[in-house]
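Before any comments, here is the structure.
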Amino acid sequence: MIRDFGKRVLCVDGAMGTLIQRCKSELKGAPESLNKTDPELIFKIHSAYVEAGADIIETNTFGANRIKLKNYGLSHEAYELNLLAAQIARKAAKDKALVAGSVGPLGQLLKPVGDVSFDEAYLAFSEQIKGLKDGGADLIFVETMSDLKEAKAAVIAAKDAGLPVCAMMTFQEDGNTLLGVSPEAAAITLEALDVLALGANCSTGPDLMLEVAKKMAAVSEKPLIFMPNAGLPQVIDGKTVFPLGPEEFAEYADAFVELGTWIMGGCCGTEPEHIRLLKERLSSLSPVKKVPSPGVKVAGRNRIAFIGGRYFPVVVGERINPTGKKDFQEDLKKNRATWATRAALSQIEKGAEILDVNVGLGGIKEEKVLPFIASSVQIATGAPIMIDSSSPEAIEETLKILDGKPIINSTTLEKKKIHRILPIARRYGAALLVLPMDEKGIPDVPEERVKLGEKARKIAEEYGLNPEDIILDCIVLTVATKREAAQITLKTLELAKDSGFTTILGISNISFGLPNRSAVNAAFLSAALSRGLDAAIINPEDPRIMEAFFAGALIAGRDFEARRFLSRYGKSQKPQAKREVIEIEPEEELKEAVLSGDAQEAKRLTEILLEHKKPLEIINEVLIPAMEEVGRRFEKGIYFLPQLMASAKAMKAAFSVIKEHSKGKPQKPKGKIILATVEGDIHDIGKNIVALLLENHGYQVIDLGKNVPKEKIVKAALEEKPDAVGLSALMTTTMMEMKNVIEELKKHGIKVFTMVGGAVVTPEFAREIGADSYAKDAVEAVKIMDRLIKERQK
């Protein structure tokens with residue numbers, strides 16, 4: 001346990017990069033290399049924060065993982081640089097402060113959006129954390145994360161190393177991370193991983209971060225940690241300046257602590273004086289302790305659900321299951337997600353909050369197919385996933401690729417099953433559905449079923465899993481073969497609720513083998529809700545079932561002031577017309593494939609369309625309008641980066657077919673643009689997304705990569721004569737290099753349109769450095785280029 005944690009509010013140090021930049025403005029390499037080449041400077045910075053009163057100081061290792069260090073040719077030094085950093089911090093801290101090992105993102109996106117696997121991320125973080133531990137770090141700060149999977153890999157690596165860990169995400173001005181993770185989903189996920197504290201750092205000032213804190217505090221009882229910037233950076237007299245002074249910064253302490261913040265510090269732009277005044281303010285405040293509320297919390301990327309306790313019952317969509325579904329079976333054999341993503345979107349639209357995903361079909365490799373289908377479903381919907389499988393290997397691989405906190409469906413009390421599944425659930429922070437049956441089978445006596453549930457809860461606790469994360473399936477058997485089956489289940493449900501369980505039922509099992517199954521299912525669902533059912537696995541596309549669900553919850557007294565019922569049925573209901581079978585044109589199907597990010601379907605449909613349409617017609621009439629609609633949805637906050645990337649990849653797949661078809665007849669590009677991440681900056685995720693979208697919209701992109709010297713950009717501009725040059729920077733320490741590039745272009749007489757962007761870049765900064773335009777994201781970059789080319793054509 002961390003010294004004084006929970007007894008008083010702990011103060012963390014401020015920015016490392018800001019002070020390094022001030023002392024080493026000429027530094028072009030990795031800041032972490034200074035742990036070896038200039039340890040005195042790093043020691044001096046640490047000592048200044050210790051003297052300012054910091055209770056915790058962070059090591060100079062934010063980017064010291066082998067994947068990011070590869071950009072500087074330093075992969076082989078990852079362990080050593082972390083070891084040295086921890087030793088320097090340990091020496092400066094003496095016995096006055098704790099040392100937190102700083103672990104930042106890898107600089108590359110994880111699968112399925114990017115190319116880095118969960119296991120590769122875990123190994124990189126493990127190596128880094130081993131160095132930090134061996135150097136004397138007391139705990140780990142996983143920070144500035146945009147991807148929940150990446151944060152999860154780092155947290156697991158820290159816990160495997162035996163170190164306490166705090167985890168922080170980074171949020172944009174729209175309130176979500178770059179990958180569209182909401183504060184609520186992040187809090188529920190990190191809480192399930194049993195971190196010491198969870199929260200956010202960087203990106204914004206304390207004003208905007210306070211809004212994130214409120215959302216996290218509303219869904220989690222865990223202690224919180226926040227480390228905001230000193231406001232958003234501005235350029236004054238050619239220098240990057242953070243506007244928030246020490247007094248102003250410290251004034252936010254009270255508001256953060258009231259929400260449950262136990263650890264607070266500063267990020268970019270905060271200096272020792274900020275920390276000195278913050279420590280003074282925190283010293284007069286006491287940590288706020290929150291009482292956990294009963295029930296299960298689950299999360300996807302940006303959707304969350306609460307099951308049990310005082311919450312309204314939850315619908316779990318059951319449709320993504322290959323039994324009796326020939327189209328889905330065919331997709332599974334061909335490793336396609338077309339049917340599954342459409343079924344997922346339809347179920348969410350009809351009222352499902354959680355989606356059960358089952359791919360049980362002979363002849364497929366479930367450990368490969370289940371992660372693919374489950375992640376495709378989550379990219380399309382953002383919803384929490386229930387992983388429905390009996391294969392521990394398939395379950396674990398799926399947990400690695402999903403965002404959020406899923407549910408594992410399921411385990412029994414059979415020793416070979418429960419002792420295999422519980423460690424997996426604990427490791428990856430998943431809730432667990434338990435069937436009350438063991439080697440003896442399913443008890444007929446309700447009391448015996450509940451006893452097995454209590455046994456499962458006890459075993460889960462022994463493994464370190466929160467007993468609240470056990471969901472008891474009271475087991476539904478068909479009344480067609482066992483007349484008393486329904487009554488046994490309903491009685492089990494009552495007893496389970498009396499014992500404090502969160503409950504779930506697979507409702508449709510009750511009617512197996514009977515005619516008019518919908519009527520039987522609806523009647524049983526109503527009865528179950530009156531006995532305290534918390535979650536129902538049902539078909540949300542069946543209107544009768546959904547009517548029974550909302551009406552049943554209302555009659556059972558589970559719908560406060562009838563709000564859910566009135567929200568759904570309060571407006572005049574039009575009678576449902578019979579579904580007509582409408583033939584959808586291939587053009588519309590291709591557009592839908594792009595919108596849903598289905599690359600394989602986009603490829604197949606493009607091949608069909610090329611039989612009777614010209615390539616240019618497909619591009620202009622189908623593909624470009626589809627991507628424009630994707631852009632519109634992204635701007636409106638309907639789509640997030642995972643959906644944008646999936647759609648871009650689907651578009652690319654369609655273009656690859658057209659390109660192959662048009663061999664010898666190259667399509668003339670709309671325009672030409674050079675892209676580069678400026679010298680000193682090795683972050684190129686945003687720039688790569690811009691390149692992908694521009695290519696999909698018909699532009700020729702010359703991508704110079706990352707950490708590109710201004711001389712190389714000028715040389716490329718002279719040779720290629722582009723319509724535009726696009727520059728990217730993520731760090732405040734490198735953003736001024738954009739100005740140097742623009743000045744160098746002008747110095748060589750190159751009259752070219754310049755566009756800048758990146759996490760720290762603002763429209764004001766763009767104007768200040770003489771750029772022609774600022775693009776807030778990839779969609780905006782495409783619009784700017786379209787306008788530029790149109791004006792030139794006039």
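Numbering starts fresh at 1 for the residues of each chain in the structure tokens, the chains themselves are lettered A, B, ... in the order given, and ligands are numbered from 1 as they appear.
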
Any chance you could tabulate, as JSON lines, the residues of stretch 239-276 of chain A at most 12 Å from stretch 167-174 of chain A with each one's nearest atom pair and distance in Å to one decimal, using only C-alpha atoms, in chain and rising number order?
```
{"residue": "A:Ile263", "atom": "CA", "partner": "A:Met168", "partner_atom": "CA", "distance": 11.5}
{"residue": "A:Met264", "atom": "CA", "partner": "A:Met168", "partner_atom": "CA", "distance": 11.6}
{"residue": "A:Cys267", "atom": "CA", "partner": "A:Thr170", "partner_atom": "CA", "distance": 11.1}
```

Selected residues, N, CA and C atoms, written as a short mmCIF file (atom, residue, chain, number, x, y, z; two decimals), in the first residue's frame, please.
```cif
data_model
loop_
_atom_site.label_atom_id
_atom_site.label_comp_id
_atom_site.auth_asym_id
_atom_site.auth_seq_id
_atom_site.Cartn_x
_atom_site.Cartn_y
_atom_site.Cartn_z
N ILE A 263 -5.45 11.95 -5.42
CA ILE A 263 -4.12 12.30 -5.90
C ILE A 263 -4.29 13.38 -6.97
N MET A 264 -3.53 14.47 -6.87
CA MET A 264 -3.64 15.53 -7.88
C MET A 264 -2.26 16.12 -8.15
N CYS A 267 0.29 18.63 -15.37
CA CYS A 267 0.90 18.08 -16.59
C CYS A 267 1.52 19.25 -17.36
#
```

Which residues of stretch 151-224 of chain A have any atom within 10 Å of an atom in stretch 620-643 of chain A when counting only C-alpha atoms, and what is the closest pair of atoms for each, with the distance in Å to one decimal? Order the rows by chain and rising number and write it as a tab-separated table.
```
residue	atom	partner	partner_atom	distance
A:Asp174	CA	A:Gly637	CA	8.7
A:Asn176	CA	A:Phe640	CA	9.1
A:Thr177	CA	A:Leu641	CA	9.3
A:Leu178	CA	A:Leu641	CA	6.7
A:Leu179	CA	A:Leu641	CA	4.9
A:Gly180	CA	A:Phe640	CA	5.0
A:Val181	CA	A:Phe640	CA	8.6
```

Just all heavy atoms for this one: save the residues we selected as a PDB file, in the first residue's frame.
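The resulting file, part_5.pdb, is shown below:
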```pdb
ATOM      1  N   ASP A 174     -14.049  17.500 -26.832  1.00  0.00           N
ATOM      2  CA  ASP A 174     -15.412  16.999 -26.989  1.00  0.00           C
ATOM      3  C   ASP A 174     -15.809  16.047 -25.859  1.00  0.00           C
ATOM      4  O   ASP A 174     -16.926  15.535 -25.830  1.00  0.00           O
ATOM      5  CB  ASP A 174     -15.586  16.297 -28.352  1.00  0.00           C
ATOM      6  CG  ASP A 174     -14.759  15.011 -28.467  1.00  0.00           C
ATOM      7  OD1 ASP A 174     -14.032  14.653 -27.517  1.00  0.00           O
ATOM      8  OD2 ASP A 174     -14.849  14.358 -29.526  1.00  0.00           O
ATOM      9  N   ASN A 176     -14.434  13.081 -25.105  1.00  0.00           N
ATOM     10  CA  ASN A 176     -14.054  11.684 -25.345  1.00  0.00           C
ATOM     11  C   ASN A 176     -12.568  11.603 -25.667  1.00  0.00           C
ATOM     12  O   ASN A 176     -11.933  12.609 -25.980  1.00  0.00           O
ATOM     13  CB  ASN A 176     -14.864  11.110 -26.520  1.00  0.00           C
ATOM     14  CG  ASN A 176     -16.342  11.061 -26.230  1.00  0.00           C
ATOM     15  OD1 ASN A 176     -16.792  10.432 -25.287  1.00  0.00           O
ATOM     16  ND2 ASN A 176     -17.134  11.756 -27.046  1.00  0.00           N
ATOM     17  N   THR A 177     -12.012  10.391 -25.607  1.00  0.00           N
ATOM     18  CA  THR A 177     -10.620  10.234 -26.031  1.00  0.00           C
ATOM     19  C   THR A 177     -10.562  10.233 -27.557  1.00  0.00           C
ATOM     20  O   THR A 177     -11.606  10.205 -28.228  1.00  0.00           O
ATOM     21  CB  THR A 177     -10.007   8.915 -25.519  1.00  0.00           C
ATOM     22  OG1 THR A 177     -10.540   7.820 -26.278  1.00  0.00           O
ATOM     23  CG2 THR A 177     -10.280   8.690 -24.044  1.00  0.00           C
ATOM     24  N   LEU A 178      -9.361  10.229 -28.095  1.00  0.00           N
ATOM     25  CA  LEU A 178      -9.169  10.197 -29.554  1.00  0.00           C
ATOM     26  C   LEU A 178      -9.910   9.025 -30.186  1.00  0.00           C
ATOM     27  O   LEU A 178     -10.448   9.130 -31.282  1.00  0.00           O
ATOM     28  CB  LEU A 178      -7.673  10.099 -29.872  1.00  0.00           C
ATOM     29  CG  LEU A 178      -7.284   9.943 -31.345  1.00  0.00           C
ATOM     30  CD1 LEU A 178      -7.609  11.218 -32.127  1.00  0.00           C
ATOM     31  CD2 LEU A 178      -5.803   9.604 -31.484  1.00  0.00           C
ATOM     32  N   LEU A 179      -9.974   7.889 -29.484  1.00  0.00           N
ATOM     33  CA  LEU A 179     -10.640   6.705 -30.025  1.00  0.00           C
ATOM     34  C   LEU A 179     -12.112   6.620 -29.630  1.00  0.00           C
ATOM     35  O   LEU A 179     -12.752   5.588 -29.787  1.00  0.00           O
ATOM     36  CB  LEU A 179      -9.911   5.427 -29.600  1.00  0.00           C
ATOM     37  CG  LEU A 179      -8.794   5.025 -30.584  1.00  0.00           C
ATOM     38  CD1 LEU A 179      -7.528   5.809 -30.278  1.00  0.00           C
ATOM     39  CD2 LEU A 179      -8.514   3.551 -30.555  1.00  0.00           C
ATOM     40  N   GLY A 180     -12.655   7.713 -29.088  1.00  0.00           N
ATOM     41  CA  GLY A 180     -14.086   7.759 -28.801  1.00  0.00           C
ATOM     42  C   GLY A 180     -14.494   7.112 -27.494  1.00  0.00           C
ATOM     43  O   GLY A 180     -15.667   6.801 -27.293  1.00  0.00           O
ATOM     44  N   VAL A 181     -13.553   6.921 -26.575  1.00  0.00           N
ATOM     45  CA  VAL A 181     -13.881   6.340 -25.262  1.00  0.00           C
ATOM     46  C   VAL A 181     -14.452   7.436 -24.374  1.00  0.00           C
ATOM     47  O   VAL A 181     -13.873   8.513 -24.240  1.00  0.00           O
ATOM     48  CB  VAL A 181     -12.627   5.736 -24.593  1.00  0.00           C
ATOM     49  CG1 VAL A 181     -12.950   5.209 -23.198  1.00  0.00           C
ATOM     50  CG2 VAL A 181     -12.048   4.630 -25.464  1.00  0.00           C
TER      51      VAL A 181
END
```

**OP:** Please return as an NGL selection string: the residues of stretch 465-623 of chain A that backbone DSSP assigns to strand (DSSP E).
**Re:** :A and (470-473 or 502-506 or 535-538)

Excluding stretch 683-685 of chain A and any residue of its chain fewer than 6 positions from it, enumerate the residues within 8 Å of it, using only C-alpha atoms, and give them as a PDB file with C-alpha atoms, in the first residue's frame.
```pdb
ATOM      1  CA  GLY A 107       2.653   5.811 -30.255  1.00  0.00           C
ATOM      2  CA  GLN A 108       0.911   3.225 -32.439  1.00  0.00           C
ATOM      3  CA  LEU A 109      -2.701   2.059 -32.483  1.00  0.00           C
ATOM      4  CA  THR A 677       5.220  15.056 -38.720  1.00  0.00           C
ATOM      5  CA  GLY A 705       6.745  10.091 -42.221  1.00  0.00           C
ATOM      6  CA  LYS A 706       7.603  11.379 -38.735  1.00  0.00           C
ATOM      7  CA  SER A 728       1.557  17.608 -37.835  1.00  0.00           C
ATOM      8  CA  ALA A 729       2.811  17.890 -34.233  1.00  0.00           C
ATOM      9  CA  LEU A 730       1.486  16.320 -31.064  1.00  0.00           C
TER      10      LEU A 730
END
```

Original post:
Which residue, A:Gly680, A:Gly749, A:Gly726, A:Gly570, has the smallest gap to A:Ala775 when you use only C-alpha atoms?
Top reply: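 Checking each of A:Gly680, A:Gly749, A:Gly726, A:Gly570 against A:Ala775, counting only C-alpha atoms, the winner is A:Gly726.
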
**OP:** Identify, on the basis of only C-alpha atoms, every residue whose closest approach to A:Glu353 does not exceed 12 Å; exclude the query and any residue fewer than 2 positions from it along the same chain; express the result as a PyMOL selection string.
**Re:** chain A and resi 297-300+302-307+312-318+344-351+355-356+378+381-386+535-540

Could those residues be written to a file, using N, CA, C and O atoms, as a short mmCIF file (atom, residue, chain, number, x, y, z; two decimals), in the first residue's frame?
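Below is the file result37.cif, written as the result:
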```
data_model
loop_
_atom_site.label_atom_id
_atom_site.label_comp_id
_atom_site.auth_asym_id
_atom_site.auth_seq_id
_atom_site.Cartn_x
_atom_site.Cartn_y
_atom_site.Cartn_z
N LYS A 297 -21.52 -3.18 -13.09
CA LYS A 297 -21.34 -2.13 -14.10
C LYS A 297 -20.56 -2.73 -15.26
O LYS A 297 -19.54 -3.39 -15.04
N VAL A 298 -21.04 -2.53 -16.48
CA VAL A 298 -20.31 -3.01 -17.65
C VAL A 298 -20.18 -1.86 -18.65
O VAL A 298 -20.92 -0.89 -18.61
N ALA A 299 -19.21 -1.99 -19.55
CA ALA A 299 -18.93 -0.90 -20.49
C ALA A 299 -18.44 -1.43 -21.82
O ALA A 299 -17.82 -2.49 -21.90
N GLY A 300 -18.73 -0.66 -22.86
CA GLY A 300 -18.14 -0.87 -24.18
C GLY A 300 -17.16 0.25 -24.41
O GLY A 300 -16.43 0.66 -23.51
N ASN A 302 -18.13 3.44 -25.65
CA ASN A 302 -18.76 4.67 -25.18
C ASN A 302 -20.18 4.46 -24.66
O ASN A 302 -20.90 5.41 -24.37
N ARG A 303 -20.60 3.19 -24.54
CA ARG A 303 -21.90 2.88 -23.94
C ARG A 303 -21.65 2.09 -22.66
O ARG A 303 -20.74 1.26 -22.60
N ILE A 304 -22.46 2.36 -21.65
CA ILE A 304 -22.33 1.64 -20.39
C ILE A 304 -23.69 1.08 -19.98
O ILE A 304 -24.72 1.49 -20.50
N ALA A 305 -23.68 0.12 -19.06
CA ALA A 305 -24.93 -0.44 -18.55
C ALA A 305 -24.74 -0.82 -17.09
O ALA A 305 -23.66 -1.28 -16.69
N PHE A 306 -25.79 -0.61 -16.30
CA PHE A 306 -25.81 -0.99 -14.89
C PHE A 306 -26.83 -2.11 -14.72
O PHE A 306 -27.98 -1.98 -15.15
N ILE A 307 -26.40 -3.19 -14.09
CA ILE A 307 -27.28 -4.34 -13.91
C ILE A 307 -27.45 -4.61 -12.42
O ILE A 307 -26.46 -4.71 -11.68
N PHE A 312 -32.83 -0.07 -13.42
CA PHE A 312 -33.86 -0.61 -14.30
C PHE A 312 -33.32 -1.88 -14.97
O PHE A 312 -32.13 -1.96 -15.30
N PRO A 313 -34.16 -2.89 -15.20
CA PRO A 313 -33.68 -4.12 -15.86
C PRO A 313 -33.04 -3.83 -17.22
O PRO A 313 -33.33 -2.82 -17.86
N VAL A 314 -32.18 -4.75 -17.63
CA VAL A 314 -31.37 -4.55 -18.84
C VAL A 314 -31.71 -5.61 -19.88
O VAL A 314 -31.91 -6.78 -19.55
N VAL A 315 -31.76 -5.18 -21.15
CA VAL A 315 -31.97 -6.11 -22.27
C VAL A 315 -30.61 -6.50 -22.85
O VAL A 315 -29.81 -5.64 -23.22
N VAL A 316 -30.38 -7.81 -22.92
CA VAL A 316 -29.20 -8.34 -23.59
C VAL A 316 -29.66 -8.96 -24.91
O VAL A 316 -30.46 -9.90 -24.92
N GLY A 317 -29.20 -8.40 -26.01
CA GLY A 317 -29.62 -8.90 -27.33
C GLY A 317 -29.03 -10.27 -27.63
O GLY A 317 -27.82 -10.46 -27.54
N GLU A 318 -29.88 -11.23 -28.01
CA GLU A 318 -29.46 -12.63 -28.18
C GLU A 318 -29.23 -13.04 -29.63
O GLU A 318 -28.87 -14.17 -29.91
N ALA A 344 -26.32 -6.40 -34.87
CA ALA A 344 -25.95 -5.62 -33.69
C ALA A 344 -26.59 -4.24 -33.71
O ALA A 344 -27.20 -3.80 -32.72
N LEU A 345 -26.47 -3.55 -34.84
CA LEU A 345 -27.03 -2.21 -34.95
C LEU A 345 -28.55 -2.24 -34.79
O LEU A 345 -29.14 -1.37 -34.14
N SER A 346 -29.18 -3.25 -35.39
CA SER A 346 -30.64 -3.38 -35.29
C SER A 346 -31.07 -3.61 -33.84
O SER A 346 -32.04 -3.01 -33.37
N GLN A 347 -30.35 -4.46 -33.12
CA GLN A 347 -30.72 -4.76 -31.74
C GLN A 347 -30.55 -3.54 -30.82
O GLN A 347 -31.39 -3.29 -29.95
N ILE A 348 -29.49 -2.78 -31.04
CA ILE A 348 -29.28 -1.56 -30.25
C ILE A 348 -30.41 -0.57 -30.52
O ILE A 348 -30.97 0.05 -29.61
N GLU A 349 -30.76 -0.45 -31.79
CA GLU A 349 -31.85 0.46 -32.18
C GLU A 349 -33.17 0.05 -31.51
O GLU A 349 -33.97 0.89 -31.12
N LYS A 350 -33.37 -1.25 -31.34
CA LYS A 350 -34.63 -1.75 -30.77
C LYS A 350 -34.63 -1.78 -29.24
O LYS A 350 -35.64 -2.11 -28.63
N GLY A 351 -33.50 -1.47 -28.60
CA GLY A 351 -33.53 -1.37 -27.14
C GLY A 351 -32.53 -2.21 -26.38
O GLY A 351 -32.52 -2.17 -25.14
N LEU A 355 -24.81 -6.71 -25.91
CA LEU A 355 -24.96 -7.64 -27.02
C LEU A 355 -24.23 -8.95 -26.74
O LEU A 355 -23.01 -8.95 -26.50
N ASP A 356 -24.98 -10.04 -26.73
CA ASP A 356 -24.38 -11.36 -26.60
C ASP A 356 -23.82 -11.77 -27.96
O ASP A 356 -24.50 -11.65 -28.99
N GLN A 378 -18.50 -4.37 -31.72
CA GLN A 378 -18.28 -3.24 -30.83
C GLN A 378 -17.87 -1.98 -31.57
O GLN A 378 -18.28 -0.87 -31.20
N THR A 381 -21.08 -0.45 -32.81
CA THR A 381 -22.09 0.01 -31.84
C THR A 381 -21.53 0.74 -30.63
O THR A 381 -22.25 1.54 -30.02
N GLY A 382 -20.30 0.44 -30.24
CA GLY A 382 -19.73 1.00 -29.01
C GLY A 382 -20.27 0.36 -27.75
O GLY A 382 -20.01 0.81 -26.64
N ALA A 383 -21.05 -0.72 -27.90
CA ALA A 383 -21.78 -1.31 -26.78
C ALA A 383 -20.96 -2.32 -25.98
O ALA A 383 -20.00 -2.90 -26.49
N PRO A 384 -21.37 -2.57 -24.71
CA PRO A 384 -20.76 -3.66 -23.93
C PRO A 384 -21.08 -5.01 -24.57
O PRO A 384 -22.18 -5.22 -25.09
N ILE A 385 -20.12 -5.92 -24.52
CA ILE A 385 -20.26 -7.23 -25.16
C ILE A 385 -20.34 -8.33 -24.11
O ILE A 385 -19.60 -8.32 -23.12
N MET A 386 -21.24 -9.29 -24.34
CA MET A 386 -21.28 -10.52 -23.56
C MET A 386 -20.63 -11.61 -24.41
O MET A 386 -21.14 -11.96 -25.47
N ALA A 535 -31.53 -8.81 -15.62
CA ALA A 535 -31.14 -8.76 -17.04
C ALA A 535 -31.79 -9.91 -17.78
O ALA A 535 -31.79 -11.04 -17.30
N ALA A 536 -32.33 -9.60 -18.95
CA ALA A 536 -33.02 -10.62 -19.75
C ALA A 536 -32.32 -10.77 -21.10
O ALA A 536 -32.14 -9.79 -21.82
N ILE A 537 -31.89 -12.00 -21.39
CA ILE A 537 -31.32 -12.29 -22.71
C ILE A 537 -32.49 -12.62 -23.62
O ILE A 537 -33.11 -13.69 -23.50
N ILE A 538 -32.81 -11.69 -24.51
CA ILE A 538 -34.02 -11.82 -25.34
C ILE A 538 -33.75 -11.29 -26.75
O ILE A 538 -32.68 -10.75 -27.03
N ASN A 539 -34.77 -11.44 -27.60
CA ASN A 539 -34.70 -10.90 -28.95
C ASN A 539 -35.37 -9.53 -28.97
O ASN A 539 -36.59 -9.44 -28.98
N PRO A 540 -34.60 -8.44 -28.99
CA PRO A 540 -35.21 -7.11 -28.96
C PRO A 540 -35.96 -6.75 -30.24
O PRO A 540 -36.67 -5.74 -30.26
#
```

Subject >> Residue contacts of stretch 110-127 of chain A (8 Å, only C-alpha atoms) excluding same-chain residues fewer than 4 positions away, as a PyMOL selection string >> reply: chain A and resi 65-67+78-79+103+106+131+147+149-150+153-154+156-158+161+375+400-401+642+645-646

Would you put the residues from that selection into a file with N, CA and C atoms, as a PDB file, in the first residue's frame?
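Dumped everything to again_24.pdb:
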```pdb
ATOM      1  N   ASN A  65       9.328   3.190 -23.987  1.00  0.00           N
ATOM      2  CA  ASN A  65       9.025   1.799 -24.344  1.00  0.00           C
ATOM      3  C   ASN A  65       9.718   1.483 -25.665  1.00  0.00           C
ATOM      4  N   ARG A  66       9.992   0.208 -25.908  1.00  0.00           N
ATOM      5  CA  ARG A  66      10.800  -0.171 -27.070  1.00  0.00           C
ATOM      6  C   ARG A  66      10.140   0.216 -28.401  1.00  0.00           C
ATOM      7  N   ILE A  67       8.819   0.260 -28.448  1.00  0.00           N
ATOM      8  CA  ILE A  67       8.140   0.591 -29.711  1.00  0.00           C
ATOM      9  C   ILE A  67       8.339   2.058 -30.056  1.00  0.00           C
ATOM     10  N   ALA A  78      15.753   0.290 -23.908  1.00  0.00           N
ATOM     11  CA  ALA A  78      14.514   0.539 -23.156  1.00  0.00           C
ATOM     12  C   ALA A  78      14.665   0.219 -21.671  1.00  0.00           C
ATOM     13  N   TYR A  79      15.135  -0.979 -21.368  1.00  0.00           N
ATOM     14  CA  TYR A  79      15.274  -1.374 -19.962  1.00  0.00           C
ATOM     15  C   TYR A  79      16.236  -0.435 -19.231  1.00  0.00           C
ATOM     16  N   VAL A 103       4.496   5.702 -17.442  1.00  0.00           N
ATOM     17  CA  VAL A 103       4.307   4.812 -18.590  1.00  0.00           C
ATOM     18  C   VAL A 103       3.267   5.426 -19.517  1.00  0.00           C
ATOM     19  N   LEU A 106       2.211   3.841 -26.604  1.00  0.00           N
ATOM     20  CA  LEU A 106       3.235   3.287 -27.491  1.00  0.00           C
ATOM     21  C   LEU A 106       3.476   4.141 -28.726  1.00  0.00           C
ATOM     22  N   GLY A 131      12.293  -2.336 -15.747  1.00  0.00           N
ATOM     23  CA  GLY A 131      13.367  -1.371 -15.538  1.00  0.00           C
ATOM     24  C   GLY A 131      13.037  -0.388 -14.428  1.00  0.00           C
ATOM     25  N   ASP A 147      -6.595   4.786 -25.739  1.00  0.00           N
ATOM     26  CA  ASP A 147      -7.124   3.473 -26.087  1.00  0.00           C
ATOM     27  C   ASP A 147      -7.243   2.628 -24.814  1.00  0.00           C
ATOM     28  N   LYS A 149      -7.749  -0.529 -24.521  1.00  0.00           N
ATOM     29  CA  LYS A 149      -6.994  -1.791 -24.633  1.00  0.00           C
ATOM     30  C   LYS A 149      -5.526  -1.566 -24.272  1.00  0.00           C
ATOM     31  N   GLU A 150      -4.972  -0.457 -24.731  1.00  0.00           N
ATOM     32  CA  GLU A 150      -3.584  -0.129 -24.436  1.00  0.00           C
ATOM     33  C   GLU A 150      -3.408   0.127 -22.940  1.00  0.00           C
ATOM     34  N   ALA A 153      -3.457  -3.204 -21.173  1.00  0.00           N
ATOM     35  CA  ALA A 153      -2.198  -3.942 -21.321  1.00  0.00           C
ATOM     36  C   ALA A 153      -1.142  -3.407 -20.356  1.00  0.00           C
ATOM     37  N   ALA A 154      -1.084  -2.088 -20.211  1.00  0.00           N
ATOM     38  CA  ALA A 154      -0.096  -1.474 -19.317  1.00  0.00           C
ATOM     39  C   ALA A 154      -0.422  -1.757 -17.853  1.00  0.00           C
ATOM     40  N   ILE A 156      -2.120  -4.321 -16.635  1.00  0.00           N
ATOM     41  CA  ILE A 156      -1.853  -5.742 -16.365  1.00  0.00           C
ATOM     42  C   ILE A 156      -0.352  -5.984 -16.206  1.00  0.00           C
ATOM     43  N   ALA A 157       0.452  -5.329 -17.050  1.00  0.00           N
ATOM     44  CA  ALA A 157       1.904  -5.474 -16.954  1.00  0.00           C
ATOM     45  C   ALA A 157       2.409  -4.976 -15.596  1.00  0.00           C
ATOM     46  N   ALA A 158       1.859  -3.856 -15.120  1.00  0.00           N
ATOM     47  CA  ALA A 158       2.259  -3.306 -13.825  1.00  0.00           C
ATOM     48  C   ALA A 158       1.862  -4.235 -12.679  1.00  0.00           C
ATOM     49  N   ALA A 161       3.980  -7.186 -12.402  1.00  0.00           N
ATOM     50  CA  ALA A 161       5.283  -6.851 -11.815  1.00  0.00           C
ATOM     51  C   ALA A 161       5.184  -6.646 -10.305  1.00  0.00           C
ATOM     52  N   SER A 375     -15.235  -7.784 -31.904  1.00  0.00           N
ATOM     53  CA  SER A 375     -14.665  -6.443 -32.078  1.00  0.00           C
ATOM     54  C   SER A 375     -15.377  -5.688 -33.196  1.00  0.00           C
ATOM     55  N   LYS A 400      -8.824  -9.515 -25.023  1.00  0.00           N
ATOM     56  CA  LYS A 400      -7.667  -8.698 -25.390  1.00  0.00           C
ATOM     57  C   LYS A 400      -8.009  -7.636 -26.432  1.00  0.00           C
ATOM     58  N   ILE A 401      -9.029  -7.897 -27.227  1.00  0.00           N
ATOM     59  CA  ILE A 401      -9.298  -7.005 -28.365  1.00  0.00           C
ATOM     60  C   ILE A 401     -10.518  -6.105 -28.156  1.00  0.00           C
ATOM     61  N   PRO A 642     -12.653   4.669 -34.246  1.00  0.00           N
ATOM     62  CA  PRO A 642     -12.690   3.273 -34.717  1.00  0.00           C
ATOM     63  C   PRO A 642     -13.608   3.069 -35.915  1.00  0.00           C
ATOM     64  N   MET A 645     -11.999   4.783 -39.017  1.00  0.00           N
ATOM     65  CA  MET A 645     -10.913   3.969 -39.559  1.00  0.00           C
ATOM     66  C   MET A 645     -11.450   2.732 -40.280  1.00  0.00           C
ATOM     67  N   ALA A 646     -12.466   2.104 -39.699  1.00  0.00           N
ATOM     68  CA  ALA A 646     -13.051   0.912 -40.325  1.00  0.00           C
ATOM     69  C   ALA A 646     -13.661   1.276 -41.678  1.00  0.00           C
TER      70      ALA A 646
END
```
